[in-house]
Amino acid sequence: MDDLLREFLTETSESLDVADVELVKFERDPNNREILNNIFRLVHTIKGTCGFIGLSRLAALAHAAETLMDKFREGIPVTPDAVSLVLVTIDRVKLILTELEISEGIEPEGSDADLIDELLAMATDPPAAAEVEEELPSASVVQMGTIVHQTLERELLPGEVSLDELERLFRQTEVEVVPPKAKASAKSPPPKAAAKEKPAAKEKAPAKEKAAAKDKPIAVVKTVAENEPATAAKRGDDENAPGTPIAAQSIRVSVGMLEHLMTMVSELVLTRNQLLEIARRNEDHDYKVSLQRLSNVTGELQDAIMRTRMQPIGNAWQKLPRIVRDLAQELGKQVDLQMTGSETELDRQVLDQIKDPLTHMVRNSADHGLEFPDDRRRAGKPEKGVIRLSAYHEGGFVIVKISDDGKGLDLARIKAKALENGLADEAELAKMSEGQIFRFIFAAGFSTAAKVTSVSGRGVGMDVVRANIESIGGTVDVQSKAGVGSTFIIKIPLTLAIMPALIVEVSGERFAIPQNTVLELVRIQADSEHAVRRLNDAPVLCLRNQLLPMLHLGRLLGLDAGKPEGYVDEDFENRLIAVMDVGNERFGIVLDSVSHTEEIVVKPMSSVLRQVSLVSGSTILGDGHVIMIVDPNGLAQAVAAGSEASMTSTMADAVQQDTSDAFMSLLLFSAGSDDIKAVPLSLVTRLEELERDTIEKVDGRAVIQYRGKLIPVIRADGELAERGTGTQPMLIFSHDARVMGLAVDKIVDIVESSLDLQLSSSSPHVLGGAIIDGRATEILDVGYFLSMALGEENEQEQEAGAQPRLLLVDDSPFYRNLIQPVLRGRGYSVTACASAQEALERLTSDSPYDAIISDVEMPGMDGFRFAEMVRGDLGLTHVPIIAMAGSNPAIAIQRGRAAGFTECVSKFDRPGLISALQEFTGQEFTGSAEGEAA
Amino acid sequence: MTKSISEAEKTTGTTQFVTVRIAGQLFGVPIEIVHEVFTPDRITHVPLSPPEIEGVLNLRGRIVTMVNMRRLLGVPSSGTATTAVGIERFGEAFGLIIDAVGEVLVLEAAKRESNPANLDPRWAELVTGVHRLTGELMLVLDVERALARLGARRTAA
């Protein structure tokens with residue numbers, strides 16, 4: 001391909017992109033002669049160049065388009081149809097250009113007669129809107145024929161109709177003020193000026209994405225404001241003046257050259273780092289001053305080179321107005337795309353990467369975020385929906401926000417979908433914040449669109465969006481409010497090439513961790529306030545009221561493979577923990593040591609190594625060693641995956657635990673007195689710290705507003721929570737949709753201990769006393785608080801004696817956790833199973849149980865089938881089986897009897913359950929409350 | 001690369017091979033694709049990488065991915081890497097760890113014979129023919145395919 005053609009292709013693509021934007025603007029504002037002139041000039045330039053280098057097909061097409069544009073300039077009305085036609089023409093031109101590029105300069109076969117005919121027909125034959133004009137006495141447009149061209153006739157979409165109306169209004173007003181023709185000649189620059197402006201326009205046209213291909217030049221115009229087409233249009237006639245100097249000030253440099261420069265500077269930085277490393281080791285001061293100077297210059301050079309790679313984010317947005325416009329027409333919606341901060345600069349490598357995700361997200365917003373005009377009107381919103389695109393710098397990041405004022409994400413549907421896809425279970429969902437649930441839309445294959453349109457299904461590809469953004473070290477998050485709209489927030493690093501990193505050592509190997517993801521380093525010491533606790537096998541870091549999951553980097557990276565099994569379970573004492581913050585996920589990673597921080601030059605991983613999820617690249621250290629850069633996003637995913645794994649292991653452990661010394665994680669706190677109180681941690685949904693003045697009163701009960709809901713608050717000492725000042729630590733418990741807060745004075749610790757109730761209690765809210773961590777501790781009955789706060793009946797008593805063995809079958813971890821302490825507290829030895837299958841295995845392998853308590857509704861084998869199996873297949877005809885029915889006990893009782901259940905109680909009727917147990921296990925009671933329970 | 005070989009074959013009818021020895025067997029690598037022969041030093045293991053990849057190292061400022069040819073061919077690894085052949089593919093640098101490097105041979109393309117049918121399929125995948133030399137056979141190593149296999153592993157994994 002010769003240089004001339006290459007130059008032509010680049011230039012024309014740029015011009016066409018600008019034309020796209022301008023045309024959409026023009027459609028909205030047909031009176032704006034400046035925009036019209038801009039488009040005319042662009043098309044004219046294309047035509048001229050095509051003719052010059054002998055591309056006859058293109059030239060003919062451009063000529064036809066130009067003719068129509070010229071008519072517009074003369075004043076024929078601009079209808080949406082006309083704009084559509086011109087856009088189609090531009091698309092055709094692009095198509096031909098693409099083929100030109102592939103075939104290295106040979107125009108593709110084919111004819112554009114169809115389009116040319118339409119264009120010319122439109123030019124000589126002003127369509128529908130012109131007819132209307134004729135009827136208006138004040139219209140002074142060029143008189144044309146009245147036959148509407150057939151090919152243009154189609155059903156007008158709602159948006160178009162109103163545009164036509166608008167159009168007519170515009171035209172009427174316009175004519176009253178200045179005749180269009182006069183206006184055109186007055187305001188449009190003379191042809192000579194237009195010609196003179198061509199080079200300026202070219203320079204102003206921002207580099208197209210095609211420039212990504214290495215051999216294509218891009219415009220390196222560092223006058224950013226000028227680079228933006230939106231501002232270019234506003235500047236109108238004045239642009240000739242600043243235009244010329246800009247052209248003179250900037251030159252085109254090929255991307256390949258810039259890339260090369262960048263590589264060289266990266267090498268220079270490396271070499272400098274090596275020199276600095278040597279200087280650190282040597283005491284010789286002679287060259288240190290020079291080295292310092294070299295270091296500074298290198299830094300500045302790096303900075304400057306980096307800036308040449310910077311491009312305004314507007315380049316990635318350029319196609320959006322056109323896309324949104326087409327989409328709005330197709331869907332019959334009215335969309336106003338507002339863009340701010342398009343001059344925000346970022347590395348072009350990053351820019352290339354986010355272009356597609358951004359486009360996808362804007363499409364999504366238009367397609368699924370915004371409602372149809374009718375729905376909007378009903379919701380009391382203006383018919384025209386707004387999509388706001390904004391970008392700004394923050395720290396070393398560029399923040400891009402895409403927000404719409406549509407209906408917001410559908411929380412219920414996302415939940416349902418998450419359940420359906422097995423991404424979370426009910427109990428997990430209950431514990432999640434709205435934000436966490438919304439984030440499911442970024443999960444693979446997650447689409448909540450009830451109707452998948454030709455355009456997009458919200459969620460389809462959101463996983464790809466996330467993957468794309470994360471691959472460049474960025475994060476994406478979503479906020480949404482029902483009926484108000486959604487906002488997607490993308491945080492992307494300014495550049496990928498060089499970044500500050502923490503050099504750490506893990507299992508004898510060094511790694512680099514991007515410093516912007518490290519919040520702090522914590523050293524764990526026996527007497528320090530930051531303690532590492534174990535929840536089952538999963539270590540967590542208690543750090544200033546936060547519980548952070550901890551990852552063992554060495555184990556994750558497979559470096560401990562050769563070590564004995566117990567290796568990772570060693571003490572965390574004196575170990576360093578890096579607290580990471582990645583995409584709102586906070587966690588700690590265990591390190592052996594931290595050596596220093598260094599500006600590292602990121603070298604991409606070889607293509608054969610890119611599947612390694614926890615490593616995002618490599619770098620060469622000052623000492624010449626290659627080390628791997630740990631991928632914080634990969635770690636964050638490992639945290640999520642780890643929580644699932646520990647969840648399953650918790651379940652497995654629950655089954656395998658020897659029932660006599662079951663260990664439990666207990667949350668210790670104080671409330672009211674100095675005494676330590678405890679609740680099983682597994683029952684706590686969340687720990688919150690709230691301002692005390694957020695506690696309000698409703699109907700004599702203390703409540704707080706928690707995630708859009710009013711939830712009751714109870715003090716752990718049984719008193720009503722009072723409004724006051726200061727912060728209030730609060731334990732949040734939830735079951736199904738019911739949520740309550742338990743106000744405590746101070747959260748003390750989390751410990752692992754066997755729940756061995758030593759003392760019975762006379763207070764209803766206390767299960768009993770136990771020795772935990774060497775201290776007498778009150779074990780609180782969460783069930784009591786739940787029922788008290790949520791107005792359920794409740795009874796409480798305590799008994800001791802021989803331990804009848806119970807088998808508890810329930811698929812809900814929440815309920816298992818809720819009921820186990822209660823039963824244990826009553827002197828039963830409880831074995832819990834998460835499924836009927838497990839229970840059947842237990843029944844065949846273990847020593848006989850005194851009673852079985854089974855949930856009725858379970859996935860897989862349900863309670864009825866389970867009872868039948870126990871009675872039939874296992875032949876256990878005498879063991880009492882108590883059914884726990886969730887929703888409709890009446891039906892369950894009938895079916896339950898037939899299936900072989902001895903008794904059926906409501907899931908939340910704990911006294912009923914206890915009395916049934918007493919009845920069927922023949923348990924003797926020593927407690928004083930016996931009569932009450934029976 | 002294959003293009004350049006065939007061009008060379010067309011003009012002269014001969015191909016130049018750098019011979020390398022892996023697990024006792026002599027292999028030939030077309031000389032055009034061999035950038036250099038070097039002694040691997042300070043290889044950094046890449047966690048969680050396929051076993052055929054020994055690691056990466058810094059070769060004069062470039063990061064080179066080191067491929068353990070023994071493992072790729074399914075023979076037990078010899079321990080410390082002593083010699084490697086540097087090649088380049090799609091702008092990325094690779095080092096093939098071999099046991100030893102031998103002389104450069106100029107062989108007539110016409111004399112290249114196809115793979116014997118009983119060649120281990122694992123080997124046959126990476127070998128595009130056999131040259132009969134005095135006293136032994138030299139297998140023509142298809143570096144492209146060897147590296148592609150690494151990529152294929154990835155998609156399979």
# chains A, B, ... in the order shown; residues from 1 in each chain; ligands from 1
>>> interface_residues(of="chain A", to="chain B", cutoff="7 Å", atoms="only C-alpha atoms", output="list of chain:residue names")
A:Glu267, A:Leu557, A:Gly558, A:Ser606, A:Val608, A:Leu609, A:Gln611, A:Val612, A:Ile620, A:Gly624, A:His625, A:Val626, A:Ile627
>>> write_last_selection(atoms="N, CA and C atoms", output="PDB file, in the first residue's frame")
ATOM      1  N   GLU A 267      13.330   0.613  29.117  1.00  0.00           N
ATOM      2  CA  GLU A 267      14.651   0.018  29.300  1.00  0.00           C
ATOM      3  C   GLU A 267      15.547   0.953  30.090  1.00  0.00           C
ATOM      4  N   LEU A 557      -0.287 -19.704  45.104  1.00  0.00           N
ATOM      5  CA  LEU A 557       0.592 -19.784  43.944  1.00  0.00           C
ATOM      6  C   LEU A 557       1.214 -21.167  43.801  1.00  0.00           C
ATOM      7  N   GLY A 558       0.800 -22.060  44.665  1.00  0.00           N
ATOM      8  CA  GLY A 558       1.284 -23.431  44.555  1.00  0.00           C
ATOM      9  C   GLY A 558       2.732 -23.580  44.974  1.00  0.00           C
ATOM     10  N   SER A 606       4.194 -13.660  28.414  1.00  0.00           N
ATOM     11  CA  SER A 606       4.208 -14.329  27.127  1.00  0.00           C
ATOM     12  C   SER A 606       2.838 -14.968  26.891  1.00  0.00           C
ATOM     13  N   VAL A 608       1.862 -17.713  26.024  1.00  0.00           N
ATOM     14  CA  VAL A 608       1.611 -19.060  26.535  1.00  0.00           C
ATOM     15  C   VAL A 608       1.437 -19.068  28.050  1.00  0.00           C
ATOM     16  N   LEU A 609       1.689 -17.916  28.669  1.00  0.00           N
ATOM     17  CA  LEU A 609       1.580 -17.885  30.130  1.00  0.00           C
ATOM     18  C   LEU A 609       0.408 -17.045  30.593  1.00  0.00           C
ATOM     19  N   GLN A 611      -2.614 -17.572  30.813  1.00  0.00           N
ATOM     20  CA  GLN A 611      -3.721 -18.205  31.535  1.00  0.00           C
ATOM     21  C   GLN A 611      -3.472 -18.226  33.034  1.00  0.00           C
ATOM     22  N   VAL A 612      -2.245 -17.909  33.428  1.00  0.00           N
ATOM     23  CA  VAL A 612      -1.940 -17.937  34.859  1.00  0.00           C
ATOM     24  C   VAL A 612      -2.688 -16.790  35.521  1.00  0.00           C
ATOM     25  N   ILE A 620      11.592  -6.712  35.434  1.00  0.00           N
ATOM     26  CA  ILE A 620      12.988  -6.980  35.737  1.00  0.00           C
ATOM     27  C   ILE A 620      13.401  -6.036  36.851  1.00  0.00           C
ATOM     28  N   GLY A 624      18.498  -7.361  38.145  1.00  0.00           N
ATOM     29  CA  GLY A 624      18.492  -8.174  36.933  1.00  0.00           C
ATOM     30  C   GLY A 624      17.570  -9.376  36.988  1.00  0.00           C
ATOM     31  N   HIS A 625      17.040  -9.657  38.148  1.00  0.00           N
ATOM     32  CA  HIS A 625      16.140 -10.789  38.275  1.00  0.00           C
ATOM     33  C   HIS A 625      14.779 -10.481  37.679  1.00  0.00           C
ATOM     34  N   VAL A 626      14.174 -11.499  37.115  1.00  0.00           N
ATOM     35  CA  VAL A 626      12.808 -11.338  36.646  1.00  0.00           C
ATOM     36  C   VAL A 626      11.896 -11.761  37.797  1.00  0.00           C
ATOM     37  N   ILE A 627      10.905 -10.964  38.096  1.00  0.00           N
ATOM     38  CA  ILE A 627       9.924 -11.421  39.077  1.00  0.00           C
ATOM     39  C   ILE A 627       8.514 -11.247  38.524  1.00  0.00           C
TER      40      ILE A 627
END
>>> select_by_dssp(residues="region 2-156 of chain B", states="strand (DSSP E or B)", output="PyMOL selection string")
chain B and resi 14-22+25-30+34-38+44+53-59+62-68+83-89+92-98+100-108+113+127-132+137-141
>>> closest_residue(among="B:Gly135, B:Gly79, B:Gly13, B:Pro30", to="Ala109 (chain B)", atoms="only C-alpha atoms")
B:Gly13
>>> select_by_dssp(residues="chain B", states="alpha helix (DSSP H)", output="number ranges by chain")
B: 2-12, 69-72, 121-124, 143-156
>>> write_last_selection(atoms="C-alpha atoms", output="JSON list (two decimals), in the first residue's frame")
[["chain", "number", "residue", "atom", "x", "y", "z"],
["B", 2, "THR", "CA", 8.27, -22.10, 7.08],
["B", 3, "LYS", "CA", 8.12, -19.66, 4.23],
["B", 4, "SER", "CA", 11.79, -18.81, 4.56],
["B", 5, "ILE", "CA", 12.71, -22.47, 4.67],
["B", 6, "SER", "CA", 10.86, -23.22, 1.50],
["B", 7, "GLU", "CA", 12.43, -20.20, -0.15],
["B", 8, "ALA", "CA", 15.83, -21.43, 0.81],
["B", 9, "GLU", "CA", 14.92, -24.83, -0.49],
["B", 10, "LYS", "CA", 13.72, -23.39, -3.73],
["B", 11, "THR", "CA", 16.84, -21.43, -4.45],
["B", 12, "THR", "CA", 19.52, -23.78, -3.26],
["B", 69, "MET", "CA", 12.10, -29.43, 25.64],
["B", 70, "ARG", "CA", 12.54, -32.66, 27.55],
["B", 71, "ARG", "CA", 9.22, -32.18, 29.31],
["B", 72, "LEU", "CA", 7.59, -31.11, 26.09],
["B", 121, "PRO", "CA", 2.77, -39.55, 18.53],
["B", 122, "ARG", "CA", 3.95, -37.02, 21.08],
["B", 123, "TRP", "CA", 7.15, -36.66, 19.08],
["B", 124, "ALA", "CA", 5.57, -37.00, 15.67],
["B", 143, "VAL", "CA", 9.44, -25.10, 16.53],
["B", 144, "GLU", "CA", 6.19, -23.46, 15.47],
["B", 145, "ARG", "CA", 4.24, -26.54, 16.41],
["B", 146, "ALA", "CA", 6.19, -27.04, 19.59],
["B", 147, "LEU", "CA", 5.22, -23.59, 20.76],
["B", 148, "ALA", "CA", 1.70, -23.95, 19.46],
["B", 149, "ARG", "CA", 1.38, -27.02, 21.62],
["B", 150, "LEU", "CA", 2.03, -24.89, 24.66],
["B", 151, "GLY", "CA", -0.77, -22.65, 23.53],
["B", 152, "ALA", "CA", -3.03, -25.62, 22.86],
["B", 153, "ARG", "CA", -2.41, -26.93, 26.34],
["B", 154, "ARG", "CA", -3.58, -23.66, 27.61],
["B", 155, "THR", "CA", -6.90, -23.79, 25.87],
["B", 156, "ALA", "CA", -7.36, -27.39, 26.92]]
>>> atom_distance(atom1="CA of Pro357 (chain A)", atom2="CA of Ser480 (chain A)")
18.8 Å
>>> residues_around(residues="region 130-132 of chain B", least_positions_apart="2", cutoff="10 Å", atoms="only C-alpha atoms", output="PDB file with N, CA and C atoms, in the first residue's frame")
ATOM      1  N   PHE B  27      18.322 -33.513  17.111  1.00  0.00           N
ATOM      2  CA  PHE B  27      17.259 -32.767  16.428  1.00  0.00           C
ATOM      3  C   PHE B  27      17.892 -31.666  15.603  1.00  0.00           C
ATOM      4  N   GLY B  28      17.207 -31.267  14.569  1.00  0.00           N
ATOM      5  CA  GLY B  28      17.685 -30.148  13.772  1.00  0.00           C
ATOM      6  C   GLY B  28      16.694 -29.002  13.814  1.00  0.00           C
ATOM      7  N   LEU B 107      21.865 -29.545   4.755  1.00  0.00           N
ATOM      8  CA  LEU B 107      21.277 -30.792   4.280  1.00  0.00           C
ATOM      9  C   LEU B 107      20.392 -30.528   3.073  1.00  0.00           C
ATOM     10  N   GLU B 108      20.391 -31.472   2.171  1.00  0.00           N
ATOM     11  CA  GLU B 108      19.551 -31.336   0.978  1.00  0.00           C
ATOM     12  C   GLU B 108      18.102 -31.607   1.349  1.00  0.00           C
ATOM     13  N   ALA B 109      17.270 -30.683   0.966  1.00  0.00           N
ATOM     14  CA  ALA B 109      15.857 -30.804   1.317  1.00  0.00           C
ATOM     15  C   ALA B 109      15.259 -32.070   0.729  1.00  0.00           C
ATOM     16  N   ALA B 110      15.746 -32.429  -0.444  1.00  0.00           N
ATOM     17  CA  ALA B 110      15.189 -33.597  -1.131  1.00  0.00           C
ATOM     18  C   ALA B 110      15.428 -34.876  -0.340  1.00  0.00           C
ATOM     19  N   LYS B 111      16.447 -34.855   0.489  1.00  0.00           N
ATOM     20  CA  LYS B 111      16.772 -36.080   1.216  1.00  0.00           C
ATOM     21  C   LYS B 111      15.976 -36.238   2.504  1.00  0.00           C
ATOM     22  N   ARG B 112      15.171 -35.239   2.785  1.00  0.00           N
ATOM     23  CA  ARG B 112      14.375 -35.337   4.008  1.00  0.00           C
ATOM     24  C   ARG B 112      13.307 -36.416   3.824  1.00  0.00           C
ATOM     25  N   GLU B 113      13.203 -37.306   4.789  1.00  0.00           N
ATOM     26  CA  GLU B 113      12.211 -38.373   4.710  1.00  0.00           C
ATOM     27  C   GLU B 113      11.097 -38.086   5.693  1.00  0.00           C
ATOM     28  N   SER B 114       9.932 -38.637   5.398  1.00  0.00           N
ATOM     29  CA  SER B 114       8.805 -38.382   6.303  1.00  0.00           C
ATOM     30  C   SER B 114       8.972 -39.190   7.588  1.00  0.00           C
ATOM     31  N   ASN B 115       8.207 -38.817   8.593  1.00  0.00           N
ATOM     32  CA  ASN B 115       8.310 -39.465   9.903  1.00  0.00           C
ATOM     33  C   ASN B 115       8.014 -40.950   9.786  1.00  0.00           C
ATOM     34  N   PRO B 116       8.815 -41.775  10.446  1.00  0.00           N
ATOM     35  CA  PRO B 116       8.458 -43.194  10.487  1.00  0.00           C
ATOM     36  C   PRO B 116       7.114 -43.353  11.191  1.00  0.00           C
ATOM     37  N   VAL B 127       7.737 -33.120  14.978  1.00  0.00           N
ATOM     38  CA  VAL B 127       8.812 -33.441  14.041  1.00  0.00           C
ATOM     39  C   VAL B 127       8.244 -33.461  12.630  1.00  0.00           C
ATOM     40  N   THR B 128       8.925 -32.779  11.716  1.00  0.00           N
ATOM     41  CA  THR B 128       8.385 -32.723  10.356  1.00  0.00           C
ATOM     42  C   THR B 128       9.171 -33.577   9.367  1.00  0.00           C
ATOM     43  N   THR B 134      25.314 -39.860   8.852  1.00  0.00           N
ATOM     44  CA  THR B 134      26.165 -41.029   9.064  1.00  0.00           C
ATOM     45  C   THR B 134      26.103 -41.432  10.531  1.00  0.00           C
ATOM     46  N   GLY B 135      25.641 -42.611  10.766  1.00  0.00           N
ATOM     47  CA  GLY B 135      25.628 -43.132  12.130  1.00  0.00           C
ATOM     48  C   GLY B 135      24.402 -42.816  12.940  1.00  0.00           C
ATOM     49  N   GLU B 136      23.664 -41.786  12.564  1.00  0.00           N
ATOM     50  CA  GLU B 136      22.434 -41.535  13.330  1.00  0.00           C
ATOM     51  C   GLU B 136      21.399 -40.770  12.514  1.00  0.00           C
ATOM     52  N   LEU B 137      20.236 -40.618  13.116  1.00  0.00           N
ATOM     53  CA  LEU B 137      19.139 -39.919  12.457  1.00  0.00           C
ATOM     54  C   LEU B 137      18.967 -38.546  13.095  1.00  0.00           C
ATOM     55  N   MET B 138      18.626 -37.580  12.276  1.00  0.00           N
ATOM     56  CA  MET B 138      18.334 -36.263  12.828  1.00  0.00           C
ATOM     57  C   MET B 138      16.866 -35.936  12.556  1.00  0.00           C
ATOM     58  N   LEU B 139      16.153 -35.643  13.609  1.00  0.00           N
ATOM     59  CA  LEU B 139      14.734 -35.291  13.455  1.00  0.00           C
ATOM     60  C   LEU B 139      14.632 -33.783  13.255  1.00  0.00           C
ATOM     61  N   VAL B 140      13.812 -33.386  12.287  1.00  0.00           N
ATOM     62  CA  VAL B 140      13.637 -31.946  12.042  1.00  0.00           C
ATOM     63  C   VAL B 140      12.568 -31.428  13.003  1.00  0.00           C
ATOM     64  N   LEU B 141      12.996 -30.533  13.869  1.00  0.00           N
ATOM     65  CA  LEU B 141      12.088 -30.034  14.899  1.00  0.00           C
ATOM     66  C   LEU B 141      11.246 -28.889  14.343  1.00  0.00           C
TER      67      LEU B 141
END
>>> atom_distance(atom1="CA of Val85 (chain B)", atom2="CA of Ile97 (chain B)")
6.6 Å
